[in-house]
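Structure data (mmCIF, C-alpha atoms) from entry-v3.cif:
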data_query
loop_
_atom_site.label_atom_id
_atom_site.label_comp_id
_atom_site.auth_asym_id
_atom_site.auth_seq_id
_atom_site.Cartn_x
_atom_site.Cartn_y
_atom_site.Cartn_z
CA MET B 112 94.65 -130.42 -23.89
CA GLY B 113 92.50 -131.67 -21.04
CA TRP B 114 92.86 -131.49 -17.28
CA PHE B 115 93.90 -134.37 -15.01
CA PRO B 116 93.69 -133.96 -11.21
CA GLY B 117 96.92 -135.69 -10.26
CA TYR B 118 100.56 -136.46 -10.95
CA ALA B 119 102.95 -139.43 -11.13
CA ILE B 120 106.38 -139.92 -9.54
CA ASN B 121 108.97 -142.55 -10.46
CA LEU B 122 109.88 -144.11 -7.10
CA GLU B 123 113.18 -145.39 -8.50
CA THR B 124 114.55 -142.04 -9.62
CA GLY B 125 112.30 -139.53 -7.84
CA GLU B 126 111.46 -137.77 -11.10
CA ARG B 127 108.04 -136.54 -12.06
CA LEU B 128 106.58 -138.34 -15.09
CA ASN B 129 104.54 -137.18 -18.04
CA MET B 130 100.93 -138.36 -18.04
CA MET B 131 98.10 -138.51 -20.52
CA PHE B 132 94.46 -139.55 -20.32
CA GLY B 133 91.81 -140.44 -22.85
CA GLU B 134 88.05 -140.64 -22.92
CA ASP B 135 85.34 -142.12 -25.12
CA SER B 136 83.83 -139.08 -26.83
CA TYR B 137 80.83 -141.21 -27.88
CA GLN B 138 79.79 -141.54 -24.23
CA LYS B 139 78.39 -138.15 -23.34
CA GLU B 140 76.29 -139.89 -20.65
CA ASN B 141 79.54 -140.84 -18.88
CA ASN B 142 81.35 -137.49 -19.27
CA GLY B 143 83.30 -138.83 -22.22
CA ASN B 144 83.12 -135.69 -24.34
CA ASP B 145 84.34 -132.85 -22.11
CA MET B 146 88.16 -133.28 -22.08
CA LYS B 147 88.19 -133.74 -18.30
CA TRP B 148 89.14 -136.77 -16.24
CA ASN B 149 85.80 -137.45 -14.61
CA PRO B 150 84.75 -141.09 -15.14
CA THR B 151 81.43 -142.25 -13.77
CA SER B 152 80.77 -145.45 -11.84
CA SER B 153 78.60 -146.90 -14.64
CA MET B 154 80.14 -150.20 -15.66
CA ASN B 155 77.53 -151.26 -18.23
CA SER B 156 75.42 -148.17 -18.91
CA PRO B 157 74.21 -146.92 -21.38
CA TYR B 158 75.56 -150.11 -23.01
CA GLN B 159 77.65 -153.10 -21.98
CA TYR B 160 81.31 -152.48 -21.09
CA ALA B 161 80.92 -148.71 -20.97
CA PHE B 162 83.48 -148.54 -18.12
CA GLY B 163 82.43 -145.09 -16.97
CA GLY B 164 83.35 -143.34 -20.21
CA LYS B 165 86.69 -145.18 -20.64
CA HIS B 166 88.86 -142.51 -19.07
CA PHE B 167 92.19 -144.32 -19.59
CA VAL B 168 95.24 -143.02 -17.74
CA TYR B 169 98.72 -143.37 -19.27
CA VAL B 170 102.00 -142.80 -17.40
CA PHE B 171 105.18 -142.32 -19.45
CA GLY B 172 108.80 -142.92 -18.59
CA GLY B 173 111.56 -140.68 -19.91
CA ASN B 174 113.32 -142.95 -22.39
CA ASN B 175 116.34 -140.69 -22.90
CA ILE B 176 116.57 -141.23 -26.63
CA GLN B 177 118.58 -138.20 -27.65
CA SER B 178 117.55 -138.26 -31.27
CA HIS B 179 115.37 -136.62 -33.87
CA TYR B 180 113.14 -137.67 -36.74
CA ILE B 181 115.02 -138.42 -39.94
CA THR B 182 113.85 -138.77 -43.49
CA ASN B 183 112.81 -142.09 -44.98
CA ALA B 184 114.44 -141.14 -48.29
CA PRO B 185 115.17 -142.54 -50.81
CA ALA B 186 112.15 -144.71 -49.92
CA THR B 187 108.61 -143.40 -49.94
CA ILE B 188 108.37 -139.99 -48.32
CA LEU B 189 105.90 -140.16 -45.44
CA ASP B 190 103.17 -137.62 -44.87
CA TRP B 191 104.55 -136.44 -41.52
CA GLU B 192 108.16 -135.96 -42.60
CA ALA B 193 107.79 -132.40 -43.82
CA ASP B 194 106.62 -131.24 -40.40
CA LEU B 195 108.62 -133.51 -38.05
CA ILE B 196 112.02 -134.07 -39.70
CA GLY B 197 114.70 -132.68 -37.42
CA LYS B 198 112.42 -132.41 -34.40
CA PRO B 199 112.99 -134.45 -31.19
CA TYR B 200 111.92 -138.09 -31.37
CA GLY B 201 109.82 -140.01 -28.82
CA GLN B 202 109.20 -139.12 -25.20
CA THR B 203 111.48 -137.17 -22.87
CA LYS B 204 111.84 -136.16 -19.25
CA TYR B 205 108.92 -134.37 -17.63
CA ASP B 206 108.12 -131.32 -19.76
CA TYR B 207 104.43 -130.66 -18.96
CA GLY B 208 103.59 -132.86 -21.97
CA ALA B 209 105.10 -130.38 -24.42
CA ARG B 210 106.76 -132.91 -26.72
CA THR B 211 103.70 -135.16 -26.70
CA MET B 212 101.50 -132.25 -27.72
CA MET B 213 103.94 -131.24 -30.44
CA VAL B 214 103.90 -134.72 -31.96
CA LEU B 215 100.14 -135.19 -31.66
CA ASN B 216 99.29 -131.76 -33.07
CA THR B 217 101.55 -132.45 -36.04
CA PHE B 218 100.49 -136.03 -36.67
CA PHE B 219 96.77 -135.32 -36.42
CA SER B 220 96.90 -132.32 -38.72
CA PRO B 221 94.60 -132.39 -41.77
CA SER B 222 97.57 -132.85 -44.10
CA VAL B 223 99.05 -135.85 -42.28
CA PHE B 224 96.53 -138.02 -40.41
CA PRO B 225 94.22 -139.02 -43.32
CA GLY B 226 97.07 -140.84 -45.05
CA SER B 227 99.14 -142.04 -42.08
CA ASN B 228 97.59 -145.24 -40.80
CA ALA B 229 99.98 -148.17 -41.12
CA GLY B 230 103.59 -149.32 -40.80
CA THR B 231 106.35 -146.74 -40.65
CA ALA B 232 103.77 -144.04 -41.27
CA MET B 233 102.80 -144.52 -37.60
CA ALA B 234 106.38 -143.91 -36.35
CA PRO B 235 105.57 -140.62 -34.52
CA LEU B 236 102.78 -142.27 -32.51
CA ASN B 237 104.86 -145.40 -31.94
CA GLY B 238 107.64 -143.25 -30.55
CA LEU B 239 105.27 -141.98 -27.88
CA GLU B 240 103.48 -145.26 -27.18
CA ARG B 241 106.71 -147.20 -26.71
CA ASP B 242 107.45 -145.38 -23.48
CA ILE B 243 104.08 -145.95 -21.81
CA MET B 244 105.18 -147.64 -18.60
CA TRP B 245 101.72 -148.04 -17.03
CA VAL B 246 98.13 -147.78 -18.20
CA SER B 247 94.85 -148.31 -16.38
CA MET B 248 91.20 -147.35 -16.47
CA PRO B 249 90.27 -146.29 -12.92
CA MET B 250 86.65 -145.73 -11.96
CA PRO B 251 85.03 -144.34 -8.80
CA ALA B 252 83.14 -146.65 -6.48
CA GLN B 253 79.48 -147.27 -7.18
CA GLY B 254 77.45 -144.15 -6.47
CA PHE B 255 80.43 -141.77 -6.23
CA ASN B 256 80.24 -139.68 -9.40
CA PHE B 257 81.54 -136.19 -10.08
CA LYS B 258 81.44 -133.77 -12.98
CA GLU B 259 84.28 -131.43 -12.13
CA PRO B 260 87.64 -133.01 -11.12
CA GLU B 261 88.04 -130.60 -8.21
CA ASN B 262 84.86 -132.11 -6.73
CA MET B 263 86.27 -135.62 -6.46
CA PRO B 264 84.99 -137.12 -3.17
CA SER B 265 88.47 -138.19 -2.03
CA ASP B 266 92.15 -138.31 -2.89
CA VAL B 267 93.65 -141.60 -4.03
CA ARG B 268 97.27 -142.70 -3.88
CA VAL B 269 98.33 -145.70 -5.97
CA GLN B 270 101.73 -147.38 -5.81
CA ILE B 271 102.54 -149.58 -8.81
CA ASN B 272 105.52 -151.91 -9.01
CA VAL B 273 106.57 -152.27 -12.64
CA ALA B 274 108.99 -155.06 -13.57
CA LYS B 275 111.81 -154.04 -15.86
CA PRO B 276 114.90 -155.83 -17.20
CA TYR B 277 118.27 -155.70 -15.49
CA ARG B 278 120.21 -153.38 -17.75
CA TYR B 279 122.72 -150.59 -17.96
CA GLY B 280 121.81 -147.09 -16.75
CA TYR B 281 118.96 -145.67 -14.73
CA SER B 282 115.55 -145.55 -16.38
CA GLY B 283 116.85 -145.05 -19.89
CA VAL B 284 116.60 -147.23 -22.97
CA ALA B 285 119.17 -146.16 -25.52
CA THR B 286 120.74 -143.20 -27.24
CA TYR B 287 120.71 -142.87 -31.02
CA THR B 288 122.56 -139.91 -32.44
CA ASN B 289 121.81 -141.20 -35.94
CA PRO B 290 118.85 -143.57 -35.78
CA PRO B 291 118.59 -146.33 -38.40
CA GLY B 292 115.38 -145.09 -39.97
CA ALA B 293 111.90 -144.01 -39.04
CA GLY B 294 110.59 -147.57 -38.91
CA SER B 295 113.21 -149.32 -36.79
CA VAL B 296 114.05 -146.53 -34.38
CA ASN B 297 110.78 -147.01 -32.50
CA LYS B 298 111.56 -150.64 -31.67
CA TYR B 299 112.68 -151.59 -28.19
CA LEU B 300 116.19 -152.64 -29.23
CA THR B 301 118.56 -154.49 -26.93
CA VAL B 302 121.38 -152.33 -25.65
CA ASN B 303 124.26 -154.31 -27.13
CA SER B 304 126.66 -151.64 -28.30
CA PRO B 305 128.43 -148.77 -26.47
CA SER B 306 127.15 -146.44 -29.17
CA LYS B 307 123.56 -147.22 -28.16
CA LEU B 308 123.86 -147.01 -24.38
CA THR B 309 121.64 -144.63 -22.46
CA THR B 310 122.98 -141.24 -21.48
CA ASP B 311 121.10 -141.39 -18.16
CA ILE B 312 124.07 -142.61 -16.14
CA SER B 313 126.33 -141.56 -13.28
CA SER B 314 129.68 -139.98 -14.08
CA SER B 315 131.19 -141.74 -11.04
CA PRO B 316 129.53 -145.19 -11.02
CA GLN B 317 130.03 -147.74 -8.25
CA ASN B 318 128.91 -150.73 -10.30
CA ASN B 319 129.70 -149.64 -13.85
CA ASN B 320 126.24 -148.04 -14.01
CA PHE B 321 124.47 -151.35 -13.58
CA PRO B 322 121.80 -151.65 -10.83
CA MET B 323 123.20 -151.99 -7.33
CA TYR B 324 121.37 -152.09 -4.02
CA LYS B 325 122.79 -151.74 -0.54
CA PHE B 326 121.49 -152.64 2.90
CA ASN B 327 123.03 -152.58 6.33
CA THR B 328 122.26 -154.84 9.29
CA SER B 329 124.63 -153.20 11.76
CA ASP B 330 121.75 -151.99 13.90
CA ILE B 331 119.96 -155.36 13.87
CA ALA B 332 121.13 -157.92 16.40
CA THR B 333 119.69 -160.58 18.69
CA MET B 334 119.29 -159.35 22.25
CA PHE B 335 120.37 -161.61 25.09
CA GLN B 336 119.43 -161.46 28.77
CA GLU B 337 117.05 -158.55 28.20
CA ALA B 338 114.76 -158.83 31.19
CA ALA B 339 112.40 -156.05 30.10
CA THR B 340 111.96 -157.57 26.64
CA ALA B 341 111.40 -161.06 28.07
CA LYS B 342 108.82 -159.76 30.53
CA SER B 343 106.89 -157.84 27.85
CA SER B 344 106.89 -160.99 25.69
CA LEU B 345 104.76 -162.73 28.32
CA ASP B 346 101.85 -160.65 27.02
CA LEU B 347 102.08 -162.61 23.74
CA ILE B 348 101.14 -165.90 25.42
CA ARG B 349 97.77 -167.23 24.25
CA VAL B 350 95.62 -170.32 24.73
CA VAL B 351 94.12 -171.19 21.36
CA PRO B 352 91.39 -171.66 20.46
CA ASN B 353 89.73 -169.56 23.13
CA PRO B 354 86.90 -170.27 23.58
CA TYR B 355 87.07 -173.95 22.67
CA TYR B 356 83.82 -175.29 21.19
CA GLY B 357 84.18 -179.05 20.99
CA SER B 358 87.14 -179.20 18.58
CA SER B 359 90.31 -177.48 17.39
CA ALA B 360 92.56 -177.56 14.35
CA TYR B 361 95.30 -179.22 16.41
CA GLU B 362 93.34 -182.43 16.97
CA VAL B 363 94.37 -185.43 14.85
CA ASN B 364 91.54 -187.96 15.27
CA ARG B 365 87.98 -188.44 16.58
CA ILE B 366 88.98 -189.08 20.20
CA ASP B 367 91.69 -186.42 20.39
CA ASN B 368 91.07 -183.25 22.40
CA ARG B 369 93.71 -180.56 22.32
CA VAL B 370 94.37 -176.85 22.77
CA ARG B 371 97.69 -175.08 22.39
CA ILE B 372 99.47 -172.62 24.68
CA THR B 373 101.57 -170.46 22.35
CA ASN B 374 104.54 -168.05 22.56
CA LEU B 375 105.95 -169.67 25.68
CA PRO B 376 109.43 -168.96 27.09
CA SER B 377 111.96 -171.77 27.06
CA LYS B 378 111.48 -172.60 30.72
CA CYS B 379 108.22 -172.21 32.62
CA THR B 380 105.59 -174.00 34.70
CA ILE B 381 101.97 -174.02 33.56
CA LYS B 382 99.27 -174.60 36.17
CA ILE B 383 95.60 -174.92 35.22
CA PHE B 384 92.94 -174.19 37.85
CA THR B 385 89.17 -174.27 38.06
CA MET B 386 87.40 -171.05 39.06
CA ASN B 387 87.18 -172.23 42.71
CA GLY B 388 90.96 -172.68 42.88
CA THR B 389 91.22 -176.46 42.40
CA LEU B 390 94.46 -177.42 40.64
CA VAL B 391 93.58 -179.44 37.54
CA ARG B 392 96.92 -179.95 35.79
CA THR B 393 100.58 -178.98 36.11
CA ILE B 394 102.77 -178.93 33.00
CA THR B 395 106.50 -178.36 33.37
CA ARG B 396 108.32 -177.03 30.30
CA ASP B 397 112.10 -176.81 29.88
CA VAL B 398 113.63 -176.65 26.40
CA THR B 399 116.65 -174.55 27.29
CA GLY B 400 119.93 -175.45 25.61
CA GLN B 401 118.36 -177.39 22.77
CA GLU B 402 120.44 -176.84 19.65
CA ASP B 403 119.13 -176.32 16.12
CA ILE B 404 118.66 -179.47 14.07
CA TYR B 405 119.19 -179.98 10.35
CA SER B 406 117.08 -182.17 8.12
CA GLY B 407 116.95 -182.91 4.42
CA ASP B 408 117.59 -185.51 1.74
CA GLY B 409 121.23 -184.60 1.16
CA SER B 410 120.59 -182.29 -1.77
CA THR B 411 118.80 -179.73 0.39
CA THR B 412 119.36 -178.88 4.04
CA VAL B 413 116.72 -177.32 6.23
CA LYS B 414 117.54 -175.67 9.53
CA GLN B 415 114.75 -176.15 12.03
CA ALA B 416 114.69 -175.02 15.64
CA LYS B 417 114.13 -177.83 18.13
CA ARG B 418 112.93 -175.29 20.63
CA ILE B 419 109.22 -175.19 19.82
CA PRO B 420 107.44 -172.12 21.22
CA TYR B 421 104.24 -173.85 22.34
CA GLN B 422 102.84 -176.54 24.62
CA ASP B 423 99.75 -178.68 23.93
CA TRP B 424 97.20 -179.64 26.61
CA ASP B 425 95.00 -182.68 26.04
CA LEU B 426 92.12 -181.29 28.19
CA LYS B 427 92.73 -183.88 30.89
CA ASN B 428 93.53 -183.51 34.57
CA GLN B 429 96.55 -184.85 36.40
CA SER B 430 94.91 -188.31 36.56
CA GLY B 431 94.22 -188.52 32.82
CA ILE B 432 90.49 -187.83 33.14
CA SER B 433 88.84 -185.42 30.71
CA VAL B 434 87.84 -182.11 32.28
CA ALA B 435 84.32 -180.75 32.27
CA SER B 436 83.09 -177.78 30.29
CA GLY B 437 83.64 -174.47 32.00
CA LEU B 438 85.97 -171.55 32.70
CA TYR B 439 89.60 -172.27 33.68
CA ILE B 440 92.56 -170.18 34.81
CA PHE B 441 96.03 -170.70 33.31
CA HIS B 442 98.95 -169.54 35.43
CA ILE B 443 102.30 -169.42 33.62
CA ASP B 444 105.35 -168.90 35.84
CA ALA B 445 108.65 -168.19 34.05
CA PRO B 446 111.55 -168.16 36.55
CA GLY B 447 113.50 -164.92 36.47
CA ILE B 448 111.05 -163.32 34.03
CA GLY B 449 107.56 -163.07 35.50
CA GLU B 450 104.08 -164.52 35.53
CA LYS B 451 101.11 -164.51 33.19
CA ILE B 452 97.45 -165.36 33.92
CA ILE B 453 94.98 -166.26 31.17
CA LYS B 454 91.28 -167.11 31.39
CA TRP B 455 90.08 -169.87 29.08
CA PHE B 456 86.62 -171.30 28.37
CA GLY B 457 86.00 -174.77 26.98
CA ALA B 458 82.84 -176.55 25.87
CA MET B 459 83.59 -180.28 25.64
CA ARG B 460 82.01 -182.62 23.11
CA PRO B 461 80.61 -186.04 23.95
CA LEU B 462 82.69 -189.10 23.06
CA ASP B 463 82.12 -190.02 19.42
CA VAL B 464 83.45 -193.47 18.52
CA GLN B 465 82.86 -195.46 15.35
CA SER B 466 82.59 -198.94 16.91
CA TYR B 467 81.70 -200.47 20.30
#
Output the file's structure as structure tokens, nothing else.
Amino acid sequence: MGWFPGYAINLETGERLNMMFGEDSYQKENNGNDMKWNPTSSMNSPYQYAFGGKHFVYVFGGNNIQSHYITNAPATILDWEADLIGKPYGQTKYDYGARTMMVLNTFFSPSVFPGSNAGTAMAPLNGLERDIMWVSMPMPAQGFNFKEPENMPSDVRVQINVAKPYRYGYSGVATYTNPPGAGSVNKYLTVNSPSKLTTDISSSPQNNNFPMYKFNTSDIATMFQEAATAKSSLDLIRVVPNPYYGSSAYEVNRIDNRVRITNLPSKCTIKIFTMNGTLVRTITRDVTGQEDIYSGDGSTTVKQAKRIPYQDWDLKNQSGISVASGLYIFHIDAPGIGEKIIKWFGAMRPLDVQSY
């Protein structure tokens, strides 16, 4: 029994899970022969696909099969039956790996393992393997090696989302008080009979022990006429891109120049000045009271707000003449809310036409 420097928790049930790790005992160069979880960062040394000594990590779920090994009689008696008949089958809840060790010590005994290598003869190992819910082969980053697990350079926390079918009970699979034989009991059978349902259930279910999730939106609501919130939202206003270097993603053709003033309130006045105070452009915005619009082809309906939160500027002054490169001041005045000042720099590009 080796030593692994960590533990696993089932986020769905809160229970601690049994774990197991392996190593490649052929790879002494990568700590593969010391029964400790200490992979190296060597991906292809001393040979290709070494994977740091192949220190696999296995995480088991508790499958809740309340059963035991039964005899295969009157068929061929299997090598492991004498030692395992009547003992608990498969995995279980967290038990410090006790059941796993019991099965492995029995199965790999000199009297069993040499002849147990195929079919139903592998039932004890299959019973353990069936409940592996996650497996991986983690390795440290390049250059971060360690010999003793307590000398690991850092702690690592991994959260894994494992898909599972929608079925009765918590994390269980099924309960067999009298399994149908050593070969078929290790299969992942569909729970289709009350006699095979998992025992990992609630005695007072709210949804007949099928999955049920609740959420509450009572503390989530749209705020209206919140002056403090509206004023703080002025800090979200941006002129993009800033700086502007000859083009932007908002432009649609070769002679288009455009920047966008984003996160604007429904009603405001935007004034753009040069650094010496000359007013270049005034843009008045008022989209208050505009209702939502619906679009679609009849089979699908899309709700889209008419009240767009931005205003485009074509980089022209009040007379329609393109502005020069330089630094500009944007003054946004939102009545009843407040004001916002933004500095913006633009480097204009020369006119680039395709014909004369």
So that I can check the surroundings of Phe218 (chain B), please list as number ranges by chain every protein, DNA and RNA residue that reaches within 9 Å of it, counting all atoms listed in the file and ignoring chain neighbours fewer than 5 positions away. B: 190-191, 194-195, 213, 223-224, 227, 233, 235-236
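Applied to the file shown here, the PyMOL selection byres ((chain B and resi 420) around 10) selects Ile348, Ile372, Thr373, Asn374, Leu375, Pro376, Ser377, Val398, Ala416, Lys417, Arg418, Ile419, Tyr421 and Gln422 of chain B.
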Ranking B:Ser436, B:Tyr180, B:Thr328, B:Glu261 by minimum distance to Gly197 (chain B) and counting only C-alpha atoms, which one comes first? B:Tyr180
Residues in the PyMOL selection byres ((chain B and resi 239-249) around 10), expressed as JSON, numbers by chain: {"B": [129, 130, 131, 132, 133, 134, 150, 151, 152, 162, 163, 164, 165, 166, 167, 168, 169, 170, 171, 172, 173, 174, 200, 201, 202, 203, 210, 211, 214, 215, 234, 235, 236, 237, 238, 250, 251, 252, 271, 272, 273, 274, 275, 284, 297, 298, 299]}
So, counting only C-alpha atoms, which residue among B:Asp423, B:Glu450, B:Asp135, B:Asp346 is closest to Cys379 (chain B)? B:Glu450
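Interatomic distance, CA of Lys258 (chain B) against CA of Phe115 (chain B): 12.6 Å.
For the pair CA of Trp424 (chain B) and CA of Phe456 (chain B), the separation is 13.6 Å.
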Could you pull the residues within 8 Å of Lys382 (chain B), counting only C-alpha atoms, minus those fewer than 4 positions along the same chain, as a ChimeraX atom specification? /B:390-394,441-443
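Once the PyMOL selection byres ((chain B and resi 455) around 12) is applied to the shown structure, the selection contains Arg349, Val350, Val351, Pro352, Asn353, Pro354, Tyr355, Tyr356, Val370, Arg371, Ile372, Ile383, Phe384, Thr385, Met386, Leu426, Ser436, Gly437, Leu438, Tyr439, Ile440, Phe441, His442, Ile452, Ile453, Lys454, Phe456, Gly457 and Ala458 of chain B.
Computed from the coordinates, the CA of Ser359 (chain B) to CA of Thr399 (chain B) distance equals 28.3 Å.
Minimum atom-to-atom distance to Ala445 (chain B), evaluated using only C-alpha atoms, belongs to B:Lys378 out of B:Lys427, B:Arg396, B:Lys378, B:Arg268.
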